[in-house]
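Participant: Here you go, this is entry_13.txt (compact mmCIF, C-alpha atoms and all ligand atoms).
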# COMPACT_ATOMS: atom_id res chain seq x y z
CA MET A 1 0.00 0.00 0.00
CA LYS A 2 1.08 3.56 -0.75
CA LEU A 3 -0.86 6.07 1.29
CA ILE A 4 -0.96 9.83 1.84
CA LEU A 5 -2.25 11.24 5.12
CA LEU A 6 -3.28 14.90 4.91
CA GLY A 7 -4.44 17.29 7.63
CA PRO A 8 -3.45 20.43 9.51
CA PRO A 9 -0.67 20.48 12.12
CA GLY A 10 -1.98 18.72 15.22
CA ALA A 11 -4.65 16.76 13.36
CA GLY A 12 -3.10 13.50 14.58
CA LYS A 13 -1.18 12.56 11.41
CA GLY A 14 1.89 11.27 13.24
CA THR A 15 -0.15 9.39 15.85
CA GLN A 16 -2.33 7.70 13.26
CA CYS A 17 0.49 7.07 10.75
CA LYS A 18 2.42 5.04 13.34
CA ARG A 19 -0.65 2.81 13.82
CA ILE A 20 -1.28 2.54 10.06
CA ALA A 21 2.38 1.62 9.44
CA ASP A 22 2.20 -1.14 12.09
CA ARG A 23 -1.09 -2.61 10.87
CA TYR A 24 -0.30 -2.68 7.14
CA GLU A 25 3.46 -3.30 7.58
CA ILE A 26 4.54 -0.28 5.60
CA ALA A 27 7.06 2.50 6.28
CA HIS A 28 6.01 5.70 8.04
CA LEU A 29 7.64 8.54 6.11
CA SER A 30 7.22 11.79 8.05
CA SER A 31 8.75 14.83 6.37
CA GLY A 32 8.89 16.63 9.74
CA ASP A 33 10.68 13.70 11.43
CA ILE A 34 13.15 13.38 8.55
CA LEU A 35 13.86 17.14 8.68
CA ARG A 36 14.36 17.02 12.48
CA ALA A 37 16.75 14.06 12.11
CA GLN A 38 18.72 16.00 9.47
CA ARG A 39 18.89 18.98 11.81
CA ALA A 40 20.06 16.86 14.71
CA ALA A 41 22.76 15.32 12.51
CA GLY A 42 23.83 18.83 11.41
CA THR A 43 23.61 18.05 7.68
CA GLU A 44 23.55 20.80 5.06
CA LEU A 45 19.89 20.03 4.35
CA GLY A 46 19.06 20.24 8.07
CA GLN A 47 20.85 23.58 8.40
CA LYS A 48 18.99 25.00 5.39
CA ALA A 49 15.62 23.88 6.79
CA GLN A 50 16.16 25.22 10.31
CA LYS A 51 15.14 28.85 9.90
CA TYR A 52 11.90 27.95 8.13
CA MET A 53 10.92 25.35 10.72
CA ASP A 54 11.72 27.67 13.63
CA SER A 55 9.50 30.42 12.20
CA GLY A 56 6.55 28.10 11.49
CA GLY A 57 6.82 28.59 7.71
CA LEU A 58 7.26 25.88 5.10
CA VAL A 59 10.68 24.67 3.99
CA PRO A 60 11.19 25.41 0.24
CA ASP A 61 9.77 22.80 -2.13
CA ASP A 62 13.13 22.00 -3.79
CA ILE A 63 14.59 20.85 -0.46
CA ILE A 64 11.60 18.70 0.47
CA ILE A 65 10.77 16.99 -2.83
CA GLY A 66 14.12 15.25 -3.42
CA MET A 67 14.33 14.26 0.26
CA MET A 68 10.91 12.58 0.24
CA ILE A 69 11.26 10.90 -3.16
CA ASP A 70 14.55 9.36 -1.98
CA ALA A 71 12.82 8.02 1.14
CA MET A 72 9.95 6.58 -0.94
CA LYS A 73 12.38 4.75 -3.22
CA LYS A 74 13.84 2.96 -0.21
CA ALA A 75 10.43 1.86 1.12
CA ALA A 76 9.98 -1.30 -0.93
CA ALA A 77 7.07 -2.67 1.16
CA GLY A 78 5.01 0.51 0.72
CA TYR A 79 4.61 3.64 2.83
CA VAL A 80 2.33 6.16 4.41
CA LEU A 81 3.37 9.76 3.74
CA ASP A 82 2.94 12.10 6.74
CA GLY A 83 3.33 15.85 6.17
CA PHE A 84 4.07 15.55 2.45
CA PRO A 85 2.85 16.84 0.02
CA ARG A 86 2.20 20.16 1.73
CA THR A 87 1.96 22.42 -1.36
CA VAL A 88 0.40 21.95 -4.79
CA VAL A 89 3.91 22.06 -6.34
CA GLN A 90 4.96 19.15 -4.07
CA ALA A 91 1.82 17.21 -5.08
CA GLU A 92 2.57 17.79 -8.78
CA GLU A 93 6.20 16.68 -8.40
CA LEU A 94 5.09 13.61 -6.43
CA ASP A 95 2.68 12.71 -9.25
CA LYS A 96 5.49 13.06 -11.81
CA ALA A 97 7.86 10.85 -9.81
CA LEU A 98 5.16 8.18 -9.37
CA ALA A 99 4.29 8.25 -13.09
CA GLU A 100 7.98 7.88 -14.02
CA ALA A 101 8.18 4.78 -11.78
CA SER A 102 4.78 3.50 -13.09
CA GLU A 103 3.42 3.58 -9.56
CA GLU A 104 0.18 4.84 -8.07
CA ILE A 105 -1.00 5.99 -4.66
CA THR A 106 -3.45 3.45 -3.19
CA GLY A 107 -5.35 5.91 -1.01
CA ILE A 108 -5.46 9.46 0.31
CA VAL A 109 -6.85 10.19 3.77
CA ASN A 110 -7.68 13.69 5.02
CA LEU A 111 -7.93 14.24 8.78
CA GLN A 112 -10.34 17.11 9.40
CA VAL A 113 -10.19 19.03 12.66
CA PRO A 114 -11.33 22.56 13.48
CA ASP A 115 -8.70 25.22 14.25
CA ASP A 116 -9.93 25.70 17.83
CA LEU A 117 -8.84 22.15 18.78
CA ILE A 118 -5.44 22.50 17.17
CA LEU A 119 -3.90 25.03 19.57
CA ASP A 120 -4.59 22.71 22.53
CA ARG A 121 -3.29 19.63 20.72
CA LEU A 122 -0.04 21.29 19.64
CA THR A 123 0.78 23.17 22.82
CA GLY A 124 0.03 20.02 24.86
CA ARG A 125 2.14 17.73 22.66
CA ARG A 126 5.27 16.26 24.26
CA SER A 127 7.68 13.86 22.63
CA CYS A 128 10.57 11.63 23.52
CA PRO A 129 13.90 12.98 22.22
CA GLN A 130 15.25 9.42 22.04
CA CYS A 131 12.54 7.21 20.49
CA GLY A 132 10.19 9.85 19.05
CA ALA A 133 7.08 8.58 20.91
CA VAL A 134 4.42 11.30 21.04
CA TYR A 135 2.18 12.05 24.05
CA HIS A 136 -0.24 14.76 25.11
CA ILE A 137 -0.39 16.35 28.57
CA GLN A 138 -4.13 15.57 28.80
CA ASN A 139 -5.23 13.39 25.88
CA LEU A 140 -2.45 10.79 25.88
CA LYS A 141 -0.55 10.91 29.16
CA PRO A 142 2.56 8.86 29.81
CA ARG A 143 2.38 6.57 32.88
CA ALA A 144 4.69 8.92 34.84
CA GLU A 145 4.29 12.63 34.15
CA GLY A 146 6.93 13.97 31.75
CA ILE A 147 8.68 10.58 31.29
CA CYS A 148 8.61 8.33 28.22
CA ASP A 149 6.93 4.94 28.88
CA ARG A 150 9.34 3.17 26.58
CA ASP A 151 12.79 4.38 27.57
CA ALA A 152 12.32 6.61 30.65
CA GLN A 153 13.72 9.70 28.88
CA THR A 154 12.44 13.15 29.91
CA LEU A 155 9.80 14.30 27.41
CA VAL A 156 10.30 17.60 25.59
CA GLN A 157 8.11 20.16 23.85
CA ARG A 158 8.96 20.90 20.22
CA PRO A 159 10.07 24.58 19.98
CA ASP A 160 7.60 25.12 17.13
CA ASP A 161 4.71 23.94 19.36
CA LYS A 162 4.92 27.15 21.40
CA PRO A 163 1.72 29.23 20.92
CA GLU A 164 3.48 32.07 19.07
CA VAL A 165 4.79 29.70 16.33
CA VAL A 166 1.59 27.61 16.14
CA ALA A 167 -0.32 30.62 14.75
CA ASP A 168 2.13 30.90 11.84
CA ARG A 169 1.99 27.14 11.15
CA LEU A 170 -1.79 27.30 10.94
CA LYS A 171 -1.52 30.27 8.58
CA ALA A 172 0.87 28.29 6.35
CA TYR A 173 -1.60 25.38 6.40
CA HIS A 174 -4.56 27.50 5.28
CA GLU A 175 -2.56 29.48 2.70
CA GLN A 176 -0.49 26.67 1.15
CA THR A 177 -1.52 23.19 2.27
CA ALA A 178 -5.34 23.13 2.35
CA ALA A 179 -5.28 23.42 -1.47
CA VAL A 180 -3.63 19.99 -1.76
CA VAL A 181 -6.98 18.29 -1.00
CA SER A 182 -8.69 20.21 -3.84
CA TYR A 183 -5.73 19.35 -6.10
CA TYR A 184 -6.36 15.63 -5.67
CA GLU A 185 -10.15 15.95 -5.92
CA GLY A 186 -9.71 18.03 -9.09
CA ARG A 187 -7.69 15.18 -10.59
CA GLY A 188 -10.49 12.70 -9.89
CA LYS A 189 -8.75 11.03 -6.92
CA SER A 190 -11.09 10.08 -4.13
CA VAL A 191 -10.06 11.48 -0.77
CA ILE A 192 -11.22 9.61 2.36
CA ILE A 193 -12.48 12.22 4.82
CA ILE A 194 -12.08 11.36 8.51
CA ASP A 195 -13.51 13.38 11.42
CA ALA A 196 -10.33 13.77 13.45
CA ALA A 197 -12.05 15.77 16.21
CA ASP A 198 -13.03 12.40 17.73
CA ASP A 199 -10.81 10.75 20.32
CA ILE A 200 -7.65 8.95 19.20
CA GLU A 201 -9.07 5.39 19.33
CA GLN A 202 -12.21 6.37 17.41
CA VAL A 203 -10.15 8.08 14.68
CA THR A 204 -7.97 4.97 14.37
CA ALA A 205 -11.06 2.75 14.05
CA SER A 206 -12.55 5.00 11.33
CA ILE A 207 -9.28 5.01 9.35
CA PHE A 208 -8.76 1.23 9.64
CA SER A 209 -12.32 0.47 8.50
CA LYS A 210 -11.77 2.48 5.30
CA LEU A 211 -8.22 1.25 4.67
CA ASP A 212 -9.11 -2.41 5.23
CA VAL A 213 -11.46 -2.11 2.24
CA LEU A 214 -8.70 -0.56 0.08
CA CYS A 215 -6.21 -3.17 1.28
CA SER A 216 -8.49 -6.08 0.32
CA ARG A 217 -8.84 -4.55 -3.16
CA VAL A 218 -5.09 -4.21 -3.77
CA GLY A 219 -4.41 -7.62 -2.15
P1 LIG A 301 0.31 15.89 13.67
O1 LIG A 301 1.36 14.88 13.29
O2 LIG A 301 -0.83 15.94 12.70
O3 LIG A 301 0.89 17.25 13.94
P2 LIG A 301 0.17 14.43 16.23
O4 LIG A 301 -0.17 13.03 15.88
O5 LIG A 301 1.57 14.71 16.65
O6 LIG A 301 -0.34 15.41 15.04
O7 LIG A 301 -0.84 14.88 17.39
C1 LIG A 301 -0.74 16.21 17.97
C2 LIG A 301 -1.02 16.10 19.47
O8 LIG A 301 -2.43 15.83 19.67
C3 LIG A 301 -0.28 14.98 20.19
O9 LIG A 301 0.05 15.42 21.48
C4 LIG A 301 -1.29 13.82 20.23
O10 LIG A 301 -1.09 12.99 21.38
C5 LIG A 301 -2.62 14.56 20.31
N1 LIG A 301 -3.69 13.90 19.53
C6 LIG A 301 -3.59 13.24 18.36
N2 LIG A 301 -4.78 12.81 17.93
C7 LIG A 301 -5.69 13.22 18.87
C8 LIG A 301 -7.12 13.07 19.00
N3 LIG A 301 -7.84 12.42 18.07
N4 LIG A 301 -7.70 13.61 20.09
C9 LIG A 301 -6.97 14.26 21.02
N5 LIG A 301 -5.64 14.44 20.95
C10 LIG A 301 -4.99 13.92 19.89
P1 LIG A 302 3.12 18.66 12.23
O1 LIG A 302 3.40 17.24 12.67
O2 LIG A 302 2.69 19.46 13.38
O3 LIG A 302 2.18 18.75 11.08
P2 LIG A 302 5.67 18.50 10.97
O4 LIG A 302 6.52 17.77 11.93
O5 LIG A 302 5.04 17.73 9.85
O6 LIG A 302 4.53 19.24 11.78
O7 LIG A 302 6.47 19.71 10.34
C1 LIG A 302 7.26 20.59 11.12
C2 LIG A 302 7.84 21.66 10.21
O8 LIG A 302 8.68 21.06 9.21
C3 LIG A 302 6.81 22.46 9.42
O9 LIG A 302 6.27 23.54 10.17
C4 LIG A 302 7.66 22.93 8.23
O10 LIG A 302 8.52 23.99 8.58
C5 LIG A 302 8.55 21.71 7.96
N1 LIG A 302 7.95 20.78 6.97
C6 LIG A 302 7.56 19.49 7.21
N2 LIG A 302 7.08 18.93 6.09
C7 LIG A 302 7.16 19.88 5.11
C8 LIG A 302 6.80 19.92 3.74
N3 LIG A 302 6.25 18.86 3.10
N4 LIG A 302 7.01 21.07 3.06
C9 LIG A 302 7.55 22.14 3.65
N5 LIG A 302 7.91 22.18 4.95
C10 LIG A 302 7.72 21.06 5.68
Could you take the file, read its structure, and then write that structure out as structure tokens?
Facilitator:
Amino acid sequence: MKLILLGPPGAGKGTQCKRIADRYEIAHLSSGDILRAQRAAGTELGQKAQKYMDSGGLVPDDIIIGMMIDAMKKAAAGYVLDGFPRTVVQAEELDKALAEASEEITGIVNLQVPDDLILDRLTGRRSCPQCGAVYHIQNLKPRAEGICDRDAQTLVQRPDDKPEVVADRLKAYHEQTAAVVSYYEGRGKSVIIIDAADDIEQVTASIFSKLDVLCSRVG
């Protein structure tokens, strides 16, 4: 399966993509996670991306497209894309790369959530600097406050989850990313709409029920 998960920051893309990747045994390719790993490793790409990420704006398309297409090529068992494509140009370039490889996306899922829930989800998000596990201070608490269940590391808040940066990330979503859904619909691709305002387990159940149908069709 080759899937795309769309939705605003804080919609639950990362949380749901991890579960999708486990269930369908495909790779979880998160553009944000790959960028953060590049930054942590101090690569040229990571250094170039830093100022855009810190300000809540989008990293330029030319940096992102090659990075994601490389990751897709390595994911032989299939993948779920998280955070990419985030502009119409990225969606067009993704289509070109797929056509060149005679490949097709199996399904596109859009997580819909109103803006008023997003601020709380992002400012309450905490993650493990070691294993990347994601929690929420109210909605998905670790067993011990502030400590990762898996490896006992102290959880951290992403610098771009501070309220002042969240506003700019939401602006970038509405100005540049929301149009990606219309791009796919305009090209006759069906987009599975999921109400992501529900709780985490309910959203997972809704996604799995739709993807199980797609999965049985592709075999
Ligand atoms: P995204 O990758 O779309 O930015 P995440 O999966 O990181 O979103 O989720 C953002 C925050 O909201 C995390 O702290 C996560 O635990 C929490 N969260 C995710 N889905 C839900 C949900 N359906 N209801 C409540 N909180 C959620
Ligand atoms: P979230 O999980 O909240 O949606 P991400 O981790 O996906 O956030 O992205 C964090 C930041 O990385 C974005 O605010 C942006 O600066 C950059 N980024 C991630 N994916 C892309 C992309 N496809 N195009 C441009 N910038 C991106």
Participant: Build an axis-aligned box that encloses every atom of ligand LIG 301 (chain A) listed in the file, pad it by 8 Å on each side, and report its centre and edge lengths in Å to one decimal, as lines of an AutoDock Vina configuration file.
Facilitator:
center_x = -3.1
center_y = 14.8
center_z = 17.1
size_x = 25.4
size_y = 20.8
size_z = 24.8
Participant: CA of Pro114 in chain A and CA of Glu201 in chain A are how many Å apart?
Facilitator: 18.3 Å
Participant: Go ahead and compute the interatomic distance for CA of Ala11 in chain A and CA of Ala178 in chain A, in Å to one decimal.
Facilitator: 12.7 Å
Participant: Give the answer as one residue: which of A:Ile192, A:Ile64, A:Glu164, A:Gly57 has the shortest atom-to-atom distance to Leu45 in chain A, using all atoms listed in the file?
Facilitator: A:Ile64
Participant: Can you check which parts of chain A lie within 8 Å of ligand LIG 301 (chain A)? Per residue, the shortest pair of atoms and distance in Å to one decimal, counting only C-alpha atoms and all ligand atoms, sorted by chain and number, as a tab-separated table.
Facilitator:
residue	atom	partner	partner_atom	distance
A:Gly7	CA	A:LIG301	O2	6.4
A:Pro8	CA	A:LIG301	O2	6.1
A:Pro9	CA	A:LIG301	O3	4.0
A:Gly10	CA	A:LIG301	O3	3.5
A:Ala11	CA	A:LIG301	O2	4.0
A:Gly12	CA	A:LIG301	O4	3.2
A:Lys13	CA	A:LIG301	O2	3.6
A:Gly14	CA	A:LIG301	O1	3.6
A:Thr15	CA	A:LIG301	O4	3.6
A:Gln16	CA	A:LIG301	O4	6.3
A:Cys17	CA	A:LIG301	O4	7.9
A:Asp82	CA	A:LIG301	O1	7.3
A:Gly83	CA	A:LIG301	O1	7.5
A:Ile118	CA	A:LIG301	O8	7.7
A:Asp120	CA	A:LIG301	O8	7.8
A:Arg121	CA	A:LIG301	O8	4.0
A:Leu122	CA	A:LIG301	C2	5.3
A:Thr123	CA	A:LIG301	O9	7.9
A:Gly124	CA	A:LIG301	O9	5.7
A:Arg125	CA	A:LIG301	O9	3.3
A:Arg126	CA	A:LIG301	O9	6.0
A:Ser127	CA	A:LIG301	O9	7.9
A:Val134	CA	A:LIG301	O10	5.8
A:Tyr135	CA	A:LIG301	O10	4.3
A:His136	CA	A:LIG301	O9	3.7
A:Ile137	CA	A:LIG301	O9	7.2
A:Asn139	CA	A:LIG301	N5	5.1
A:Leu140	CA	A:LIG301	O10	5.2
A:Ala196	CA	A:LIG301	N3	5.4
A:Ala197	CA	A:LIG301	N3	5.7
A:Asp198	CA	A:LIG301	N3	5.2
A:Asp199	CA	A:LIG301	N3	4.1
A:Ile200	CA	A:LIG301	N3	3.7
A:Glu201	CA	A:LIG301	N3	7.2
A:Gln202	CA	A:LIG301	N3	7.5
A:Val203	CA	A:LIG301	N3	6.0
Participant: I need the chosen residues saved as an mmCIF file, in the frame of the given file, with C-alpha atoms.
Facilitator:
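Produced file selection.cif, reproduced below:
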data_model
loop_
_atom_site.group_PDB
_atom_site.id
_atom_site.type_symbol
_atom_site.label_atom_id
_atom_site.label_comp_id
_atom_site.auth_asym_id
_atom_site.auth_seq_id
_atom_site.Cartn_x
_atom_site.Cartn_y
_atom_site.Cartn_z
ATOM 1 C CA GLY A 7 -4.440 17.290 7.630
ATOM 2 C CA PRO A 8 -3.450 20.430 9.510
ATOM 3 C CA PRO A 9 -0.670 20.480 12.120
ATOM 4 C CA GLY A 10 -1.980 18.720 15.220
ATOM 5 C CA ALA A 11 -4.650 16.760 13.360
ATOM 6 C CA GLY A 12 -3.100 13.500 14.580
ATOM 7 C CA LYS A 13 -1.180 12.560 11.410
ATOM 8 C CA GLY A 14 1.890 11.270 13.240
ATOM 9 C CA THR A 15 -0.150 9.390 15.850
ATOM 10 C CA GLN A 16 -2.330 7.700 13.260
ATOM 11 C CA CYS A 17 0.490 7.070 10.750
ATOM 12 C CA ASP A 82 2.940 12.100 6.740
ATOM 13 C CA GLY A 83 3.330 15.850 6.170
ATOM 14 C CA ILE A 118 -5.440 22.500 17.170
ATOM 15 C CA ASP A 120 -4.590 22.710 22.530
ATOM 16 C CA ARG A 121 -3.290 19.630 20.720
ATOM 17 C CA LEU A 122 -0.040 21.290 19.640
ATOM 18 C CA THR A 123 0.780 23.170 22.820
ATOM 19 C CA GLY A 124 0.030 20.020 24.860
ATOM 20 C CA ARG A 125 2.140 17.730 22.660
ATOM 21 C CA ARG A 126 5.270 16.260 24.260
ATOM 22 C CA SER A 127 7.680 13.860 22.630
ATOM 23 C CA VAL A 134 4.420 11.300 21.040
ATOM 24 C CA TYR A 135 2.180 12.050 24.050
ATOM 25 C CA HIS A 136 -0.240 14.760 25.110
ATOM 26 C CA ILE A 137 -0.390 16.350 28.570
ATOM 27 C CA ASN A 139 -5.230 13.390 25.880
ATOM 28 C CA LEU A 140 -2.450 10.790 25.880
ATOM 29 C CA ALA A 196 -10.330 13.770 13.450
ATOM 30 C CA ALA A 197 -12.050 15.770 16.210
ATOM 31 C CA ASP A 198 -13.030 12.400 17.730
ATOM 32 C CA ASP A 199 -10.810 10.750 20.320
ATOM 33 C CA ILE A 200 -7.650 8.950 19.200
ATOM 34 C CA GLU A 201 -9.070 5.390 19.330
ATOM 35 C CA GLN A 202 -12.210 6.370 17.410
ATOM 36 C CA VAL A 203 -10.150 8.080 14.680
#
Participant: Looking at A:Val181, A:Val156, A:Ala77, A:Val165, which one is nearest to Asp54 in chain A, with distances taken over only C-alpha atoms?
Facilitator: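 The shortest atom-to-atom distance to Asp54 in chain A comes from A:Val165.
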Participant: Can you tell me which residues come within 6 Å of ligand LIG 302 (chain A) when counting only C-alpha atoms and all ligand atoms, ideally as a list in words?
Facilitator: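 Using only C-alpha atoms and all ligand atoms, everything at most 6 Å from ligand LIG 302 (chain A) comes to Pro9, Gly10, Ser31, Gly32, Asp33, Tyr52, Met53, Gly56, Gly57, Leu58, Val59, Pro60, Ile64, Gly83, Phe84, Pro85, Arg86 and Arg169 of chain A.
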Participant: Give as a list in words the set of residues within 9 Å of the point (8.0, 8.6, 2.6), where distances use the file's coordinates and only C-alpha atoms.
Facilitator: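 The requested residues, written out, are Ala27, His28, Leu29, Ser30, Ser31, Met67, Met68, Ile69, Asp70, Ala71, Met72, Lys73, Lys74, Ala75, Gly78, Tyr79, Val80, Leu81, Asp82 and Phe84 of chain A.
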Participant: To one decimal place, how far is CA of Ile105 in chain A from CA of Glu175 in chain A in Å?
Facilitator: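 Distance reported for this atom pair: 24.7 Å.
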Participant: Which is closer to Lys189 in chain A than all the others in A:Cys148, A:Ala41, A:Glu104, A:Ser55, using all atoms listed in the file?
Facilitator: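 Nearest candidate to Lys189 in chain A out of A:Cys148, A:Ala41, A:Glu104, A:Ser55: A:Glu104.
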Participant: Could you check which of A:Glu93, A:Glu145, A:Asp212, A:Asp161 is closest to Asp61 in chain A, using all atoms listed in the file?
Facilitator: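 Nearest candidate to Asp61 in chain A out of A:Glu93, A:Glu145, A:Asp212, A:Asp161: A:Glu93.
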Participant: Write out as a list in words the residues lying within 12 Å of Val213 in chain A, counting all atoms listed in the file and excluding same-chain residues fewer than 6 positions away.
Facilitator: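 The neighbour list is Met1, Thr106, Gly107, Ile192, Ser206, Ile207 and Gly219 of chain A.
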Participant: Starting from the sparse input, extend range 44-66 of chain A to N, CA and C atoms and give the output as a compact mmCIF listing (two decimals), in the coordinates of the input.
Facilitator:
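Listed below is the output, selection-v4.txt:
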# COMPACT_ATOMS: atom_id res chain seq x y z
N GLU A 44 23.78 19.55 5.79
CA GLU A 44 23.55 20.80 5.06
C GLU A 44 22.05 21.02 4.89
N LEU A 45 21.34 19.93 4.53
CA LEU A 45 19.89 20.03 4.35
C LEU A 45 19.21 20.49 5.65
N GLY A 46 19.64 19.89 6.77
CA GLY A 46 19.06 20.24 8.07
C GLY A 46 19.31 21.70 8.41
N GLN A 47 20.52 22.18 8.10
CA GLN A 47 20.85 23.58 8.40
C GLN A 47 20.00 24.53 7.55
N LYS A 48 19.80 24.14 6.27
CA LYS A 48 18.99 25.00 5.39
C LYS A 48 17.55 25.07 5.87
N ALA A 49 17.04 23.94 6.40
CA ALA A 49 15.62 23.88 6.79
C ALA A 49 15.33 24.62 8.09
N GLN A 50 16.37 24.76 8.94
CA GLN A 50 16.16 25.22 10.31
C GLN A 50 15.38 26.52 10.44
N LYS A 51 15.77 27.53 9.68
CA LYS A 51 15.14 28.85 9.90
C LYS A 51 13.66 28.83 9.52
N TYR A 52 13.32 28.02 8.53
CA TYR A 52 11.90 27.95 8.13
C TYR A 52 11.09 27.23 9.21
N MET A 53 11.64 26.12 9.70
CA MET A 53 10.92 25.35 10.72
C MET A 53 10.74 26.18 11.99
N ASP A 54 11.79 26.89 12.40
CA ASP A 54 11.72 27.67 13.63
C ASP A 54 10.65 28.76 13.55
N SER A 55 10.45 29.30 12.34
CA SER A 55 9.50 30.42 12.20
C SER A 55 8.08 29.94 11.95
N GLY A 56 7.91 28.62 11.74
CA GLY A 56 6.55 28.10 11.49
C GLY A 56 6.17 28.14 10.02
N GLY A 57 7.11 28.58 9.15
CA GLY A 57 6.82 28.59 7.71
C GLY A 57 7.21 27.26 7.08
N LEU A 58 6.92 27.12 5.79
CA LEU A 58 7.26 25.88 5.10
C LEU A 58 8.67 25.93 4.55
N VAL A 59 9.35 24.82 4.58
CA VAL A 59 10.68 24.67 3.99
C VAL A 59 10.50 24.67 2.46
N PRO A 60 11.41 25.32 1.69
CA PRO A 60 11.19 25.41 0.24
C PRO A 60 11.01 24.04 -0.43
N ASP A 61 10.14 24.05 -1.44
CA ASP A 61 9.77 22.80 -2.13
C ASP A 61 11.00 22.02 -2.63
N ASP A 62 12.00 22.74 -3.18
CA ASP A 62 13.13 22.00 -3.79
C ASP A 62 13.90 21.17 -2.75
N ILE A 63 13.90 21.62 -1.51
CA ILE A 63 14.59 20.85 -0.46
C ILE A 63 13.79 19.60 -0.12
N ILE A 64 12.47 19.77 -0.02
CA ILE A 64 11.60 18.70 0.47
C ILE A 64 11.41 17.58 -0.57
N ILE A 65 11.20 17.97 -1.82
CA ILE A 65 10.77 16.99 -2.83
C ILE A 65 11.82 15.88 -3.00
N GLY A 66 13.08 16.26 -3.22
CA GLY A 66 14.12 15.25 -3.42
C GLY A 66 14.26 14.37 -2.18
